[in-house]
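Enquirer: What follows is structure_25.cif; its format and atoms are mmCIF, C-alpha atoms.
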```cif
data_structure
loop_
_atom_site.label_atom_id
_atom_site.label_comp_id
_atom_site.auth_asym_id
_atom_site.auth_seq_id
_atom_site.Cartn_x
_atom_site.Cartn_y
_atom_site.Cartn_z
CA MET A 235 32.69 -68.60 -0.64
CA ASN A 236 33.21 -65.62 1.67
CA ALA A 237 29.50 -65.54 2.45
CA ILE A 238 29.58 -69.23 3.35
CA ALA A 239 32.67 -68.80 5.52
CA THR A 240 31.03 -65.96 7.43
CA LEU A 241 27.85 -67.95 7.96
CA CYS A 242 29.76 -70.98 9.29
CA ILE A 243 30.33 -69.13 12.56
CA ASP A 244 27.08 -67.18 12.93
CA ALA A 245 24.53 -69.41 11.18
CA PRO A 246 25.82 -72.92 10.46
CA HIS A 247 22.44 -74.14 9.18
CA LYS A 248 22.28 -71.24 6.70
CA ALA A 249 25.88 -72.01 5.68
CA GLU A 250 24.86 -75.59 4.94
CA GLU A 251 21.93 -74.40 2.78
CA LEU A 252 24.20 -72.00 0.91
CA THR A 253 26.80 -74.73 0.34
CA LEU A 254 24.08 -76.92 -1.17
CA SER A 255 23.00 -74.02 -3.42
CA LEU A 256 26.59 -73.50 -4.52
CA SER A 257 26.92 -77.22 -5.23
CA GLU A 258 23.70 -77.21 -7.29
CA TYR A 259 24.82 -74.11 -9.15
CA LEU A 260 28.22 -75.57 -10.04
CA ARG A 261 26.77 -78.96 -11.00
CA ASN A 262 24.12 -77.38 -13.26
CA SER A 263 26.46 -74.86 -14.84
CA PHE A 264 28.86 -77.61 -15.95
CA ASP A 265 26.21 -80.22 -16.76
CA PHE A 266 26.25 -79.96 -20.55
CA LYS A 267 28.48 -81.26 -23.29
CA GLN A 268 28.56 -78.22 -25.56
CA LEU A 269 26.92 -74.83 -25.84
CA ASP A 270 24.90 -75.80 -28.91
CA ALA A 271 23.19 -78.64 -27.01
CA GLN A 272 19.66 -78.10 -25.71
CA VAL A 273 18.51 -78.38 -22.10
CA PRO A 274 15.05 -78.33 -20.52
CA LEU A 275 13.90 -74.89 -19.43
CA GLN A 276 13.59 -76.28 -15.91
CA HIS A 277 17.35 -76.99 -15.87
CA GLU A 278 18.14 -73.37 -16.74
CA LEU A 279 15.67 -72.09 -14.12
CA GLU A 280 17.24 -74.32 -11.45
CA LEU A 281 20.61 -72.83 -12.31
CA VAL A 282 19.16 -69.31 -12.03
CA GLU A 283 17.50 -70.11 -8.68
CA ALA A 284 20.73 -71.57 -7.23
CA TYR A 285 22.66 -68.50 -8.37
CA VAL A 286 20.04 -66.16 -6.89
CA ARG A 287 20.08 -67.96 -3.52
CA ILE A 288 23.86 -67.46 -3.34
CA GLU A 289 23.60 -63.78 -4.19
CA GLN A 290 20.73 -63.25 -1.75
CA ALA A 291 22.88 -64.71 1.02
CA ARG A 292 25.58 -62.17 0.12
CA PHE A 293 23.38 -59.12 -0.34
CA GLY A 294 20.41 -59.86 1.92
CA GLY A 295 17.58 -57.37 1.67
CA ARG A 296 19.38 -55.33 -0.97
CA LEU A 297 18.45 -57.99 -3.56
CA GLN A 298 14.85 -58.76 -4.45
CA VAL A 299 13.99 -61.23 -7.19
CA GLU A 300 10.60 -61.81 -8.76
CA TYR A 301 9.82 -64.79 -11.01
CA ASP A 302 7.02 -64.81 -13.59
CA ILE A 303 7.18 -68.23 -15.27
CA ASP A 304 4.40 -69.43 -17.55
CA ALA A 305 6.01 -71.84 -20.01
CA ASP A 306 6.51 -75.55 -20.53
CA LEU A 307 9.35 -76.45 -18.16
CA GLN A 308 10.35 -79.30 -20.46
CA ALA A 309 10.78 -77.03 -23.49
CA ARG A 310 14.31 -77.34 -24.87
CA ILE A 311 16.46 -74.21 -24.90
CA PRO A 312 20.16 -73.45 -25.30
CA PRO A 313 22.02 -73.70 -21.98
CA LEU A 314 23.29 -70.63 -20.19
CA VAL A 315 21.10 -68.07 -21.94
CA LEU A 316 19.15 -66.91 -18.90
CA GLN A 317 21.52 -67.23 -15.92
CA PRO A 318 24.20 -64.89 -17.33
CA LEU A 319 21.53 -62.23 -17.94
CA VAL A 320 20.35 -62.53 -14.33
CA GLU A 321 23.96 -62.35 -13.16
CA ASN A 322 24.54 -59.18 -15.21
CA ALA A 323 21.38 -57.60 -13.80
CA ILE A 324 22.46 -58.31 -10.23
CA ARG A 325 26.17 -57.56 -10.48
CA HIS A 326 26.18 -54.60 -12.85
CA GLY A 327 22.68 -53.20 -12.48
CA LEU A 328 21.72 -53.57 -8.83
CA MET A 329 24.74 -54.11 -6.66
CA SER A 330 26.45 -51.01 -7.99
CA LYS A 331 23.68 -49.10 -6.18
CA ILE A 332 23.96 -48.83 -2.41
CA SER A 333 20.24 -49.50 -2.04
CA GLY A 334 20.29 -52.55 -4.34
CA GLY A 335 17.02 -53.25 -6.12
CA LYS A 336 14.83 -55.79 -7.85
CA VAL A 337 15.31 -58.21 -10.74
CA ARG A 338 12.24 -59.55 -12.54
CA ILE A 339 12.68 -62.79 -14.47
CA SER A 340 9.89 -63.51 -16.92
CA VAL A 341 9.62 -66.62 -19.11
CA LYS A 342 6.33 -66.90 -20.97
CA GLU A 343 4.95 -68.81 -23.90
CA THR A 344 3.52 -66.48 -26.50
CA SER A 345 0.89 -67.57 -28.95
CA GLY A 346 2.53 -68.42 -32.24
CA GLU A 347 5.92 -66.88 -31.43
CA GLY A 348 7.58 -69.17 -28.91
CA ILE A 349 8.99 -68.63 -25.44
CA ARG A 350 9.77 -65.05 -24.50
CA PHE A 351 12.55 -64.46 -21.98
CA GLU A 352 12.92 -61.15 -20.18
CA VAL A 353 15.26 -60.07 -17.40
CA ALA A 354 14.52 -56.61 -16.04
CA ASP A 355 16.18 -54.68 -13.23
CA ASN A 356 15.64 -51.31 -11.63
CA GLY A 357 19.38 -50.73 -11.30
CA LYS A 358 21.64 -47.98 -12.53
CA GLY A 359 20.93 -48.49 -16.25
CA ILE A 360 23.33 -48.37 -19.18
CA SER A 361 24.34 -45.40 -21.31
CA GLU A 362 23.74 -45.48 -25.07
CA ARG A 363 27.50 -45.67 -25.73
CA LYS A 364 27.93 -48.60 -23.32
CA ARG A 365 24.93 -50.46 -24.84
CA SER A 366 26.53 -50.29 -28.28
CA ALA A 367 29.83 -51.58 -26.88
CA LEU A 368 28.07 -54.48 -25.11
CA LEU A 369 26.46 -55.71 -28.31
CA ASP A 370 29.62 -55.21 -30.38
CA PRO A 371 32.61 -55.78 -28.07
CA ASP A 372 36.10 -54.53 -28.86
CA PRO A 373 38.28 -57.46 -30.01
CA ALA A 374 41.31 -55.61 -28.62
CA ARG A 375 39.89 -56.14 -25.12
CA PRO A 376 39.15 -59.89 -24.99
CA GLY A 377 37.14 -61.01 -22.00
CA LYS A 378 35.68 -57.55 -21.39
CA GLY A 379 31.92 -57.37 -21.82
CA VAL A 380 31.46 -60.39 -24.06
CA GLY A 381 28.76 -62.21 -22.05
CA LEU A 382 25.81 -60.36 -23.54
CA TRP A 383 27.40 -60.45 -26.98
CA ASN A 384 27.89 -64.24 -26.71
CA ILE A 385 24.25 -64.82 -25.83
CA SER A 386 23.13 -62.47 -28.58
CA ARG A 387 25.33 -64.24 -31.12
CA ARG A 388 24.09 -67.70 -30.10
CA ILE A 389 20.44 -66.63 -30.35
CA LYS A 390 21.13 -65.10 -33.77
CA LEU A 391 22.92 -68.23 -35.04
CA LEU A 392 20.34 -70.67 -33.68
CA TYR A 393 17.12 -68.82 -34.46
CA GLY A 394 17.92 -65.89 -36.71
CA THR A 395 16.55 -63.47 -34.11
CA SER A 396 18.23 -60.94 -31.88
CA ILE A 397 18.15 -60.03 -28.25
CA ARG A 398 16.73 -56.68 -27.31
CA LEU A 399 18.50 -54.40 -24.86
CA ASP A 400 16.50 -51.47 -23.46
CA SER A 401 18.01 -49.29 -20.78
CA ALA A 402 17.85 -45.85 -19.28
CA GLU A 403 20.45 -44.48 -16.91
CA GLY A 404 19.12 -44.26 -13.37
CA ILE A 405 16.03 -46.31 -14.23
CA GLY A 406 17.18 -49.82 -15.16
CA THR A 407 17.66 -52.32 -17.93
CA ILE A 408 15.53 -54.90 -19.76
CA VAL A 409 17.09 -57.67 -21.84
CA SER A 410 14.70 -59.87 -23.81
CA PHE A 411 14.59 -62.44 -26.58
CA THR A 412 12.27 -65.11 -27.95
CA VAL A 413 13.04 -68.74 -28.70
CA PRO A 414 10.71 -69.69 -31.58
CA THR A 415 8.19 -72.47 -30.92
CA GLN A 416 8.98 -74.32 -34.15
CA ALA A 417 12.67 -74.43 -33.18
CA ASN A 418 11.67 -75.99 -29.87
CA GLU A 419 9.70 -78.72 -31.60
CA GLN A 420 12.79 -79.81 -33.57
CA TRP A 421 14.58 -80.78 -30.35
#
```
Any chance you could give the structure as structure tokens?

Expert:
Amino acid sequence: MNAIATLCIDAPHKAEELTLSLSEYLRNSFDFKQLDAQVPLQHELELVEAYVRIEQARFGGRLQVEYDIDADLQARIPPLVLQPLVENAIRHGLMSKISGGKVRISVKETSGEGIRFEVADNGKGISERKRSALLDPDPARPGKGVGLWNISRRIKLLYGTSIRLDSAEGIGTIVSFTVPTQANEQW
């Protein structure tokens, strides 16, 4: 909202575009009945793109985003499994560095396995201790670091697979998982 307010004075046309992106983001992020429902991959990608446009307006040249999409856009996936990963990469990985960085979003169909999702950043990285805490949050601190755990838990419950979290301090982080093809065909 602060970015939009600032643009209203200096660049009203850009403020209008950003307001539309915010509207799309909010509409798409609340456009599901329950978290165990399925949405088309395209819906999730539109949510990601709206979120990225908002963040790019805030951070300008400090934020670069690369998309590598080679999957059926109508494939059904759980909602909100990709956007929170992109948000984490931007907020915790890149924007904590003065220079910012790049996020790469890859969604590809793999032969016989399903759709592979990968969000990679060249941000500050995560220590081994922090990685363990992210995948097994402390119940005494509710609301702290549960986003990644929630996605991991949903993927495990729905497909019996796990997310993978690779990171090196000062180099960046890669979060990936696969939604099995046969599970997609059921929906």

Enquirer: Name all residues at most 9 Å from segment 307-323 of chain A (count only C-alpha atoms; drop same-chain ones fewer than 4 positions away) and give them as an NGL selection string.

Expert: :A and (263 or 266 or 268-279 or 281-283 or 285-286 or 303 or 327-329 or 337-339 or 349 or 351-357 or 381-382 or 385-386 or 388-389 or 392 or 406-409 or 413 or 417-419 or 421)

Enquirer: Mind giving me the straight-line distance from atom CA of Phe293 of chain A to atom CA of Glu403 of chain A in Å, one decimal?

Expert: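 It comes out at 22.3 Å.
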
Enquirer: Can you tell me, as a list in words, what residues are no more than 7 Å from Gly348 of chain A when counting all atoms listed in the file, ignoring any on the same chain fewer than 4 positions away?

Expert: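 What passes the distance filter is Glu343, Thr344, Thr412, Val413, Pro414 and Thr415 of chain A.
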
Enquirer: What would the file look like if the residues just selected were written as a tab-separated table (two decimals), in the frame of the given file with C-alpha atoms?

Expert:
```tsv
chain	number	residue	atom	x	y	z
A	343	GLU	CA	4.95	-68.81	-23.90
A	344	THR	CA	3.52	-66.48	-26.50
A	412	THR	CA	12.27	-65.11	-27.95
A	413	VAL	CA	13.04	-68.74	-28.70
A	414	PRO	CA	10.71	-69.69	-31.58
A	415	THR	CA	8.19	-72.47	-30.92
```

Enquirer: Record the distance separating atom CA of Ser361 of chain A and atom CA of Arg387 of chain A, expressed in Å with one decimal.

Expert: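 That distance, rounded to one decimal, is 21.3 Å.
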
Enquirer: Applied to this file, what does the PyMOL selection byres ((chain A and resi 290) around 12) return in terms of residues, put as a VMD selection string?

Expert: chain A and resid 237 to 238 248 252 255 283 to 289 291 to 299 321 324 to 325 329 334 to 337

Enquirer: Write the residues of the preceding selection, restricted to C-alpha atoms, as a tab-separated table (two decimals), keeping the file's coordinate frame.

Expert:
```
chain	number	residue	atom	x	y	z
A	237	ALA	CA	29.50	-65.54	2.45
A	238	ILE	CA	29.58	-69.23	3.35
A	248	LYS	CA	22.28	-71.24	6.70
A	252	LEU	CA	24.20	-72.00	0.91
A	255	SER	CA	23.00	-74.02	-3.42
A	283	GLU	CA	17.50	-70.11	-8.68
A	284	ALA	CA	20.73	-71.57	-7.23
A	285	TYR	CA	22.66	-68.50	-8.37
A	286	VAL	CA	20.04	-66.16	-6.89
A	287	ARG	CA	20.08	-67.96	-3.52
A	288	ILE	CA	23.86	-67.46	-3.34
A	289	GLU	CA	23.60	-63.78	-4.19
A	291	ALA	CA	22.88	-64.71	1.02
A	292	ARG	CA	25.58	-62.17	0.12
A	293	PHE	CA	23.38	-59.12	-0.34
A	294	GLY	CA	20.41	-59.86	1.92
A	295	GLY	CA	17.58	-57.37	1.67
A	296	ARG	CA	19.38	-55.33	-0.97
A	297	LEU	CA	18.45	-57.99	-3.56
A	298	GLN	CA	14.85	-58.76	-4.45
A	299	VAL	CA	13.99	-61.23	-7.19
A	321	GLU	CA	23.96	-62.35	-13.16
A	324	ILE	CA	22.46	-58.31	-10.23
A	325	ARG	CA	26.17	-57.56	-10.48
A	329	MET	CA	24.74	-54.11	-6.66
A	334	GLY	CA	20.29	-52.55	-4.34
A	335	GLY	CA	17.02	-53.25	-6.12
A	336	LYS	CA	14.83	-55.79	-7.85
A	337	VAL	CA	15.31	-58.21	-10.74
```

Enquirer: What's the separation between atom CA of Gly394 of chain A and atom CA of Phe411 of chain A, in Å to one decimal place?

Expert: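 Atom CA of Phe411 of chain A lies 11.2 Å from atom CA of Gly394 of chain A.
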
Enquirer: Return the single residue from A:Leu369, A:Asp304, A:Val380, A:Ile360 that is closest to Ser401 of chain A, with distances computed using only C-alpha atoms.

Expert: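 Result for the nearest residue to Ser401 of chain A: A:Ile360.
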